[in-house]
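K.L.:
model-v9.cif is reproduced in full below (mmCIF, C-alpha atoms).
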data_work
#
loop_
_atom_site.group_PDB
_atom_site.id
_atom_site.type_symbol
_atom_site.label_atom_id
_atom_site.label_comp_id
_atom_site.auth_asym_id
_atom_site.auth_seq_id
_atom_site.Cartn_x
_atom_site.Cartn_y
_atom_site.Cartn_z
ATOM 1 C CA MET Y 281 0.000 0.000 0.000
ATOM 2 C CA ASN Y 282 2.890 2.381 0.707
ATOM 3 C CA GLY Y 283 4.595 1.636 -2.617
ATOM 4 C CA SER Y 284 7.585 -0.206 -1.149
ATOM 5 C CA ALA Y 285 6.756 -3.366 -3.146
ATOM 6 C CA ASP Y 286 6.013 -3.578 -6.850
ATOM 7 C CA ILE Y 287 3.570 -6.464 -6.518
ATOM 8 C CA ALA Y 288 1.953 -8.473 -3.727
ATOM 9 C CA PHE Y 289 0.472 -11.939 -3.550
ATOM 10 C CA VAL Y 290 -2.012 -12.102 -0.681
ATOM 11 C CA MET Y 291 -4.641 -14.422 0.778
ATOM 12 C CA LEU Y 292 -7.418 -12.184 2.051
ATOM 13 C CA PRO Y 293 -11.121 -11.560 1.686
ATOM 14 C CA GLN Y 294 -11.795 -9.832 -1.636
ATOM 15 C CA LEU Y 295 -9.409 -6.867 -1.656
ATOM 16 C CA GLN Y 296 -10.852 -3.588 -2.912
ATOM 17 C CA ASP Y 297 -8.881 -0.367 -3.007
ATOM 18 C CA SER Y 298 -9.187 2.400 -5.567
ATOM 19 C CA ASP Y 299 -5.384 2.765 -5.678
ATOM 20 C CA LEU Y 300 -4.783 -0.889 -6.542
ATOM 21 C CA ILE Y 301 -5.291 -3.214 -9.451
ATOM 22 C CA VAL Y 302 -6.319 -6.554 -7.946
ATOM 23 C CA HIS Y 303 -6.752 -9.893 -9.696
ATOM 24 C CA SER Y 304 -8.334 -12.789 -7.802
ATOM 25 C CA LEU Y 305 -6.489 -15.979 -8.629
ATOM 26 C CA LEU Y 306 -8.293 -18.658 -6.633
ATOM 27 C CA ASP Y 307 -10.912 -19.100 -3.923
ATOM 28 C CA GLU Y 308 -9.017 -20.552 -0.941
ATOM 29 C CA PRO Y 309 -11.372 -22.548 1.321
ATOM 30 C CA LEU Y 310 -10.596 -22.445 5.036
ATOM 31 C CA VAL Y 311 -10.905 -25.623 7.099
ATOM 32 C CA LEU Y 312 -10.696 -26.422 10.774
ATOM 33 C CA VAL Y 313 -8.364 -29.379 11.272
ATOM 34 C CA GLY Y 314 -7.442 -31.694 14.095
ATOM 35 C CA SER Y 315 -5.328 -34.804 14.409
ATOM 36 C CA ALA Y 316 -6.796 -37.820 12.691
ATOM 37 C CA ASP Y 317 -6.635 -40.071 15.728
ATOM 38 C CA CYS Y 318 -6.621 -37.857 18.822
ATOM 39 C CA CYS Y 319 -8.990 -34.969 18.220
ATOM 40 C CA VAL Y 320 -12.090 -35.283 20.422
ATOM 41 C CA LEU Y 321 -13.906 -32.515 18.544
ATOM 42 C CA ASN Y 322 -15.764 -34.024 15.563
ATOM 43 C CA THR Y 323 -17.873 -31.052 14.543
ATOM 44 C CA LEU Y 324 -18.169 -27.454 15.684
ATOM 45 C CA ASP Y 325 -21.924 -26.923 15.801
ATOM 46 C CA LYS Y 326 -24.564 -25.052 17.791
ATOM 47 C CA SER Y 327 -23.994 -27.280 20.832
ATOM 48 C CA TYR Y 328 -20.698 -25.413 21.413
ATOM 49 C CA GLU Y 329 -22.207 -21.910 21.307
ATOM 50 C CA ASN Y 330 -21.475 -19.851 24.428
ATOM 51 C CA GLN Y 331 -19.164 -22.545 25.755
ATOM 52 C CA ARG Y 332 -15.477 -23.241 26.280
ATOM 53 C CA ILE Y 333 -13.932 -25.949 24.111
ATOM 54 C CA SER Y 334 -11.237 -28.127 25.648
ATOM 55 C CA GLU Y 335 -8.987 -28.117 22.571
ATOM 56 C CA CYS Y 336 -6.048 -25.763 22.346
ATOM 57 C CA LEU Y 337 -6.384 -23.349 19.444
ATOM 58 C CA ILE Y 338 -3.130 -23.293 17.465
ATOM 59 C CA VAL Y 339 -2.809 -20.017 15.575
ATOM 60 C CA ASN Y 340 -0.280 -18.103 13.533
ATOM 61 C CA GLU Y 341 0.665 -14.432 13.730
ATOM 62 C CA GLN Y 342 -2.001 -11.992 14.852
ATOM 63 C CA GLU Y 343 -2.237 -10.116 11.533
ATOM 64 C CA CYS Y 344 -3.070 -13.286 9.576
ATOM 65 C CA SER Y 345 -6.363 -13.056 7.672
ATOM 66 C CA TYR Y 346 -7.550 -16.593 8.343
ATOM 67 C CA ARG Y 347 -6.701 -16.363 12.058
ATOM 68 C CA THR Y 348 -8.806 -13.193 12.223
ATOM 69 C CA ILE Y 349 -11.669 -14.861 10.340
ATOM 70 C CA PHE Y 350 -11.674 -17.900 12.661
ATOM 71 C CA GLU Y 351 -11.450 -15.815 15.827
ATOM 72 C CA GLU Y 352 -14.394 -13.761 14.548
ATOM 73 C CA TYR Y 353 -16.307 -17.003 13.862
ATOM 74 C CA LEU Y 354 -15.687 -18.135 17.454
ATOM 75 C CA ARG Y 355 -16.500 -14.710 18.943
ATOM 76 C CA GLU Y 356 -19.826 -14.491 17.048
ATOM 77 C CA ARG Y 357 -20.830 -17.817 18.588
ATOM 78 C CA GLY Y 358 -19.431 -17.189 22.061
ATOM 79 C CA ILE Y 359 -17.043 -20.133 21.724
ATOM 80 C CA VAL Y 360 -13.877 -19.827 23.798
ATOM 81 C CA PRO Y 361 -10.844 -22.110 23.392
ATOM 82 C CA SER Y 362 -9.329 -23.446 26.626
ATOM 83 C CA HIS Y 363 -5.986 -21.957 25.612
ATOM 84 C CA THR Y 364 -4.112 -20.707 22.571
ATOM 85 C CA MET Y 365 -0.684 -21.498 21.173
ATOM 86 C CA GLU Y 366 0.808 -19.025 18.681
ATOM 87 C CA LEU Y 367 3.319 -20.244 16.107
ATOM 88 C CA TRP Y 368 4.682 -18.439 13.066
ATOM 89 C CA SER Y 369 5.071 -21.446 10.806
ATOM 90 C CA ILE Y 370 2.266 -23.376 9.137
ATOM 91 C CA GLU Y 371 4.523 -26.433 9.091
ATOM 92 C CA ALA Y 372 5.044 -26.172 12.870
ATOM 93 C CA MET Y 373 1.292 -25.738 13.322
ATOM 94 C CA LYS Y 374 0.590 -28.876 11.281
ATOM 95 C CA ARG Y 375 3.152 -30.903 13.264
ATOM 96 C CA CYS Y 376 1.571 -29.811 16.554
ATOM 97 C CA ILE Y 377 -1.912 -30.668 15.302
ATOM 98 C CA MET Y 378 -0.782 -34.093 14.049
ATOM 99 C CA SER Y 379 0.722 -34.690 17.506
ATOM 100 C CA GLY Y 380 -2.688 -34.051 19.087
ATOM 101 C CA LEU Y 381 -1.774 -30.734 20.702
ATOM 102 C CA GLY Y 382 -4.760 -28.829 19.341
ATOM 103 C CA ILE Y 383 -6.809 -27.636 16.383
ATOM 104 C CA ALA Y 384 -6.276 -24.910 13.785
ATOM 105 C CA CYS Y 385 -8.088 -23.094 11.018
ATOM 106 C CA LEU Y 386 -5.947 -23.086 7.874
ATOM 107 C CA PRO Y 387 -6.381 -22.756 4.117
ATOM 108 C CA LEU Y 388 -7.216 -26.161 2.641
ATOM 109 C CA MET Y 389 -4.272 -25.937 0.241
ATOM 110 C CA THR Y 390 -1.839 -25.956 3.194
ATOM 111 C CA VAL Y 391 -3.221 -29.162 4.748
ATOM 112 C CA ASN Y 392 -4.610 -31.019 1.746
ATOM 113 C CA ASP Y 393 -1.761 -33.565 1.555
ATOM 114 C CA GLU Y 394 -1.977 -34.384 5.265
ATOM 115 C CA ILE Y 395 -5.762 -34.855 4.988
ATOM 116 C CA LYS Y 396 -5.334 -37.207 2.012
ATOM 117 C CA GLU Y 397 -2.654 -39.145 3.919
ATOM 118 C CA GLY Y 398 -4.954 -39.491 6.953
ATOM 119 C CA LYS Y 399 -2.673 -37.473 9.249
ATOM 120 C CA LEU Y 400 -5.231 -34.682 9.762
ATOM 121 C CA LYS Y 401 -9.006 -34.581 9.630
ATOM 122 C CA ILE Y 402 -11.374 -31.774 8.755
ATOM 123 C CA ILE Y 403 -13.673 -30.755 11.585
ATOM 124 C CA PRO Y 404 -16.912 -29.468 10.023
ATOM 125 C CA CYS Y 405 -17.974 -26.022 11.241
ATOM 126 C CA VAL Y 406 -21.652 -25.145 11.087
ATOM 127 C CA GLY Y 407 -22.075 -21.850 9.276
ATOM 128 C CA GLY Y 408 -18.686 -21.992 7.553
ATOM 129 C CA PHE Y 409 -16.165 -19.194 7.202
ATOM 130 C CA LYS Y 410 -15.843 -16.009 5.169
ATOM 131 C CA GLN Y 411 -14.224 -16.568 1.814
ATOM 132 C CA ILE Y 412 -10.605 -15.720 1.216
ATOM 133 C CA PHE Y 413 -8.887 -15.555 -2.143
ATOM 134 C CA SER Y 414 -5.360 -15.764 -3.456
ATOM 135 C CA GLN Y 415 -4.920 -12.398 -5.120
ATOM 136 C CA VAL Y 416 -2.238 -10.471 -6.918
ATOM 137 C CA ALA Y 417 -2.225 -6.703 -6.380
ATOM 138 C CA TYR Y 418 -0.170 -3.777 -7.583
ATOM 139 C CA ARG Y 419 -0.499 -0.019 -7.492
ATOM 140 C CA LYS Y 420 -2.603 1.536 -10.189
ATOM 141 C CA ASN Y 421 -0.414 4.600 -10.772
ATOM 142 C CA LYS Y 422 3.017 2.997 -10.398
ATOM 143 C CA TRP Y 423 5.230 2.313 -13.394
ATOM 144 C CA ILE Y 424 5.302 -1.392 -14.254
ATOM 145 C CA SER Y 425 8.510 -2.646 -15.851
ATOM 146 C CA PRO Y 426 8.228 -4.817 -18.967
ATOM 147 C CA ALA Y 427 9.533 -7.819 -16.972
ATOM 148 C CA LEU Y 428 6.932 -7.332 -14.220
ATOM 149 C CA SER Y 429 4.212 -6.865 -16.818
ATOM 150 C CA VAL Y 430 5.097 -10.212 -18.419
ATOM 151 C CA PHE Y 431 5.271 -11.840 -14.976
ATOM 152 C CA ILE Y 432 1.746 -10.619 -14.174
ATOM 153 C CA GLU Y 433 0.511 -11.802 -17.577
ATOM 154 C CA ILE Y 434 2.030 -15.284 -17.072
ATOM 155 C CA THR Y 435 0.603 -15.511 -13.547
ATOM 156 C CA LEU Y 436 -2.906 -14.624 -14.718
ATOM 157 C CA LYS Y 437 -2.676 -17.028 -17.658
ATOM 158 C CA HIS Y 438 -1.683 -19.942 -15.418
ATOM 159 C CA ALA Y 439 -4.195 -19.001 -12.701
ATOM 160 C CA ARG Y 440 -7.072 -19.477 -15.162
ATOM 161 C CA GLY Y 441 -6.334 -23.220 -15.077
ATOM 162 C CA TRP Y 442 -6.249 -23.487 -11.292
ATOM 163 C CA SER Y 443 -9.232 -24.746 -9.404
ATOM 164 C CA CYS Y 444 -9.993 -25.676 -5.854
ATOM 165 C CA GLU Y 445 -11.372 -29.030 -7.035
ATOM 166 C CA GLU Y 446 -7.997 -29.946 -8.549
ATOM 167 C CA ALA Y 447 -6.371 -29.301 -5.175
ATOM 168 C CA THR Y 448 -8.682 -31.748 -3.400
ATOM 169 C CA CYS Y 449 -8.665 -34.598 -5.967
#
Can you give me the file's structure in the form of structure tokens?
P.N.:
Amino acid sequence: MNGSADIAFVMLPQLQDSDLIVHSLLDEPLVLVGSADCCVLNTLDKSYENQRISECLIVNEQECSYRTIFEEYLRERGIVPSHTMELWSIEAMKRCIMSGLGIACLPLMTVNDEIKEGKLKIIPCVGGFKQIFSQVAYRKNKWISPALSVFIEITLKHARGWSCEEATC
């Protein structure tokens, strides 16, 4: 936003800013995951509203869009985790979850392999989450070099062939 970067790839709700050109690349579903064999929580439904859940919520940095979305989901329903563990690595989060240390809300693309391999399981959440998208953004009034222009063009061309269904096959 301050012009220090020529281009940004972000995963956020639909970004809209009059100073930016934004291209959505792919809808990125969010999923709540727990360990395949240890997680007691099988679904997050109305029975948990206004209650404390025993699972530890494993989260990443505070500014993360999907952390914010999940915390808002919990707050709207009055659901409080027993405790929270903050890590700055999705890989570390996945390892902790697989070890049975807690649950986390992550983009499906980051946990898809572990779900297919039976190391993690999706915990259905009644009501679902706000959508987030992989997006590419750059300033509207900033000079774009020929190399960056071609890079953007190639990215958009390849993104047309991406689909969420391919990621979960």
K.L.:
Which residue, Y:Cys344, Y:Tyr353, Y:Leu312, Y:Val406, has the smallest gap to Ser327 (chain Y) when you use all atoms listed in the file?
P.N.:
Y:Val406
K.L.:
Work out how far apart CA of Ala384 (chain Y) and CA of Gly314 (chain Y) are and give it in Å to one decimal.
P.N.:
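It comes out at 6.9 Å.
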K.L.:
Check the smallest atom-to-atom distance from each of Y:Asn392, Y:Ser304, Y:Ser298, Y:Thr364 to Gln411 (chain Y) using all atoms listed in the file, then report the winner.
P.N.:
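For Gln411 (chain Y), the nearest of the candidates is Y:Ser304.
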K.L.:
For the PyMOL selection byres ((chain Y and resi 332) around 7), applied here, can you spell out every residue it catches as a list in words?
P.N.:
Gln331, Ile333, Ser334, Ile359, Val360, Pro361 and Ser362 of chain Y
K.L.:
Would you output that residue set with C-alpha atoms, as a compact mmCIF listing (two decimals), keeping the file's coordinate frame?
P.N.:
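To be explicit, this is the file written out as again14.txt:
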# COMPACT_ATOMS: atom_id res chain seq x y z
CA GLN Y 331 -19.16 -22.54 25.76
CA ILE Y 333 -13.93 -25.95 24.11
CA SER Y 334 -11.24 -28.13 25.65
CA ILE Y 359 -17.04 -20.13 21.72
CA VAL Y 360 -13.88 -19.83 23.80
CA PRO Y 361 -10.84 -22.11 23.39
CA SER Y 362 -9.33 -23.45 26.63
K.L.:
Rounded to one decimal in Å, what is the spacing between CA of Cys336 (chain Y) and CA of Glu397 (chain Y)?
P.N.:
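Separation between CA of Cys336 (chain Y) and CA of Glu397 (chain Y): 23.0 Å.
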K.L.:
Suppose you want the space between CA of Ile434 (chain Y) and CA of Met389 (chain Y); what is it in Å?
P.N.:
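That distance, rounded to one decimal, is 21.3 Å.
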K.L.:
Taking all atoms listed in the file into account, which of Y:Lys422, Y:Lys401, Y:Arg355, Y:Lys396 comes nearest Ile383 (chain Y)?
P.N.:
Y:Lys401
K.L.:
With all atoms listed in the file as the basis for distance, which of Y:Leu388, Y:Val320, Y:Val313, Y:Ala288 is at the shortest distance from Arg375 (chain Y)?
P.N.:
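Looking only at the distances to Arg375 (chain Y), the closest residue turns out to be Y:Val313.
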K.L.:
Please return as a list in words every residue within 10 Å of (4.6, 2.2, -2.5), taking into account all atoms listed in the file and the file's own coordinates.
P.N.:
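Taken together, the residues in range are Met281, Asn282, Gly283, Ser284, Ala285, Asp286, Ile287, Tyr418, Arg419, Asn421 and Lys422 of chain Y.
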K.L.:
Determine, counting only C-alpha atoms, every residue of protein, DNA or RNA that lies within 9 Å of (-2.5, -16.8, 13.4) in the file coordinates, then give the result as a compact mmCIF listing (two decimals) with C-alpha atoms, keeping the file's coordinate frame.
P.N.:
# COMPACT_ATOMS: atom_id res chain seq x y z
CA ILE Y 338 -3.13 -23.29 17.46
CA VAL Y 339 -2.81 -20.02 15.58
CA ASN Y 340 -0.28 -18.10 13.53
CA GLU Y 341 0.66 -14.43 13.73
CA GLN Y 342 -2.00 -11.99 14.85
CA GLU Y 343 -2.24 -10.12 11.53
CA CYS Y 344 -3.07 -13.29 9.58
CA SER Y 345 -6.36 -13.06 7.67
CA TYR Y 346 -7.55 -16.59 8.34
CA ARG Y 347 -6.70 -16.36 12.06
CA THR Y 348 -8.81 -13.19 12.22
CA GLU Y 366 0.81 -19.02 18.68
CA LEU Y 367 3.32 -20.24 16.11
CA TRP Y 368 4.68 -18.44 13.07
CA ALA Y 384 -6.28 -24.91 13.78
CA CYS Y 385 -8.09 -23.09 11.02
K.L.:
Might you pull out every residue within 10 Å of Met378 (chain Y), with only C-alpha atoms counted and same-chain residues fewer than 3 positions away left off, and present them as a ChimeraX atom specification?
P.N.:
/Y:313-319,372-375,381-383,394,398-401
K.L.:
Tell me, as a PDB file with C-alpha atoms, in the coordinates of the input, which residues lie within 9 Å of Val311 (chain Y), counting all atoms listed in the file; anything in the same chain fewer than 2 positions away does not count.
P.N.:
ATOM      1  CA  PRO Y 309     -11.372 -22.548   1.321  1.00  0.00           C
ATOM      2  CA  VAL Y 313      -8.364 -29.379  11.272  1.00  0.00           C
ATOM      3  CA  ALA Y 384      -6.276 -24.910  13.785  1.00  0.00           C
ATOM      4  CA  CYS Y 385      -8.088 -23.094  11.018  1.00  0.00           C
ATOM      5  CA  LEU Y 386      -5.947 -23.086   7.874  1.00  0.00           C
ATOM      6  CA  PRO Y 387      -6.381 -22.756   4.117  1.00  0.00           C
ATOM      7  CA  LEU Y 388      -7.216 -26.161   2.641  1.00  0.00           C
ATOM      8  CA  VAL Y 391      -3.221 -29.162   4.748  1.00  0.00           C
ATOM      9  CA  ILE Y 402     -11.374 -31.774   8.755  1.00  0.00           C
ATOM     10  CA  ILE Y 403     -13.673 -30.755  11.585  1.00  0.00           C
ATOM     11  CA  PRO Y 404     -16.912 -29.468  10.023  1.00  0.00           C
ATOM     12  CA  CYS Y 405     -17.974 -26.022  11.241  1.00  0.00           C
ATOM     13  CA  GLY Y 408     -18.686 -21.992   7.553  1.00  0.00           C
ATOM     14  CA  PHE Y 409     -16.165 -19.194   7.202  1.00  0.00           C
TER      15      PHE Y 409
END
K.L.:
Given 5 Å of margin on each side, can you work out the centre and size in Å (one decimal) of an axis-aligned box holding every listed atom of region 318-333 of chain Y, as lines of an AutoDock Vina configuration file?
P.N.:
center_x = -15.6
center_y = -28.9
center_z = 20.4
size_x = 27.9
size_y = 28.0
size_z = 21.7
K.L.:
So that I can see what lies close to region 412-416 of chain Y, please list as a PyMOL selection string the residues with an atom at most 7 Å from it, counting all atoms listed in the file and leaving out residues fewer than 4 positions away in the same chain.
P.N.:
chain Y and resi 288-294+302-309
K.L.:
Could you save those same residues with C-alpha atoms as a PDB file, keeping the file's coordinate frame?
P.N.:
ATOM      1  CA  ALA Y 288       1.953  -8.473  -3.727  1.00  0.00           C
ATOM      2  CA  PHE Y 289       0.472 -11.939  -3.550  1.00  0.00           C
ATOM      3  CA  VAL Y 290      -2.012 -12.102  -0.681  1.00  0.00           C
ATOM      4  CA  MET Y 291      -4.641 -14.422   0.778  1.00  0.00           C
ATOM      5  CA  LEU Y 292      -7.418 -12.184   2.051  1.00  0.00           C
ATOM      6  CA  PRO Y 293     -11.121 -11.560   1.686  1.00  0.00           C
ATOM      7  CA  GLN Y 294     -11.795  -9.832  -1.636  1.00  0.00           C
ATOM      8  CA  VAL Y 302      -6.319  -6.554  -7.946  1.00  0.00           C
ATOM      9  CA  HIS Y 303      -6.752  -9.893  -9.696  1.00  0.00           C
ATOM     10  CA  SER Y 304      -8.334 -12.789  -7.802  1.00  0.00           C
ATOM     11  CA  LEU Y 305      -6.489 -15.979  -8.629  1.00  0.00           C
ATOM     12  CA  LEU Y 306      -8.293 -18.658  -6.633  1.00  0.00           C
ATOM     13  CA  ASP Y 307     -10.912 -19.100  -3.923  1.00  0.00           C
ATOM     14  CA  GLU Y 308      -9.017 -20.552  -0.941  1.00  0.00           C
ATOM     15  CA  PRO Y 309     -11.372 -22.548   1.321  1.00  0.00           C
TER      16      PRO Y 309
END
K.L.:
Which one of Y:Leu295, Y:Ala427, Y:Leu324, Y:Leu436 sits closest to Arg357 (chain Y) if you count only C-alpha atoms?
P.N.:
Y:Leu324
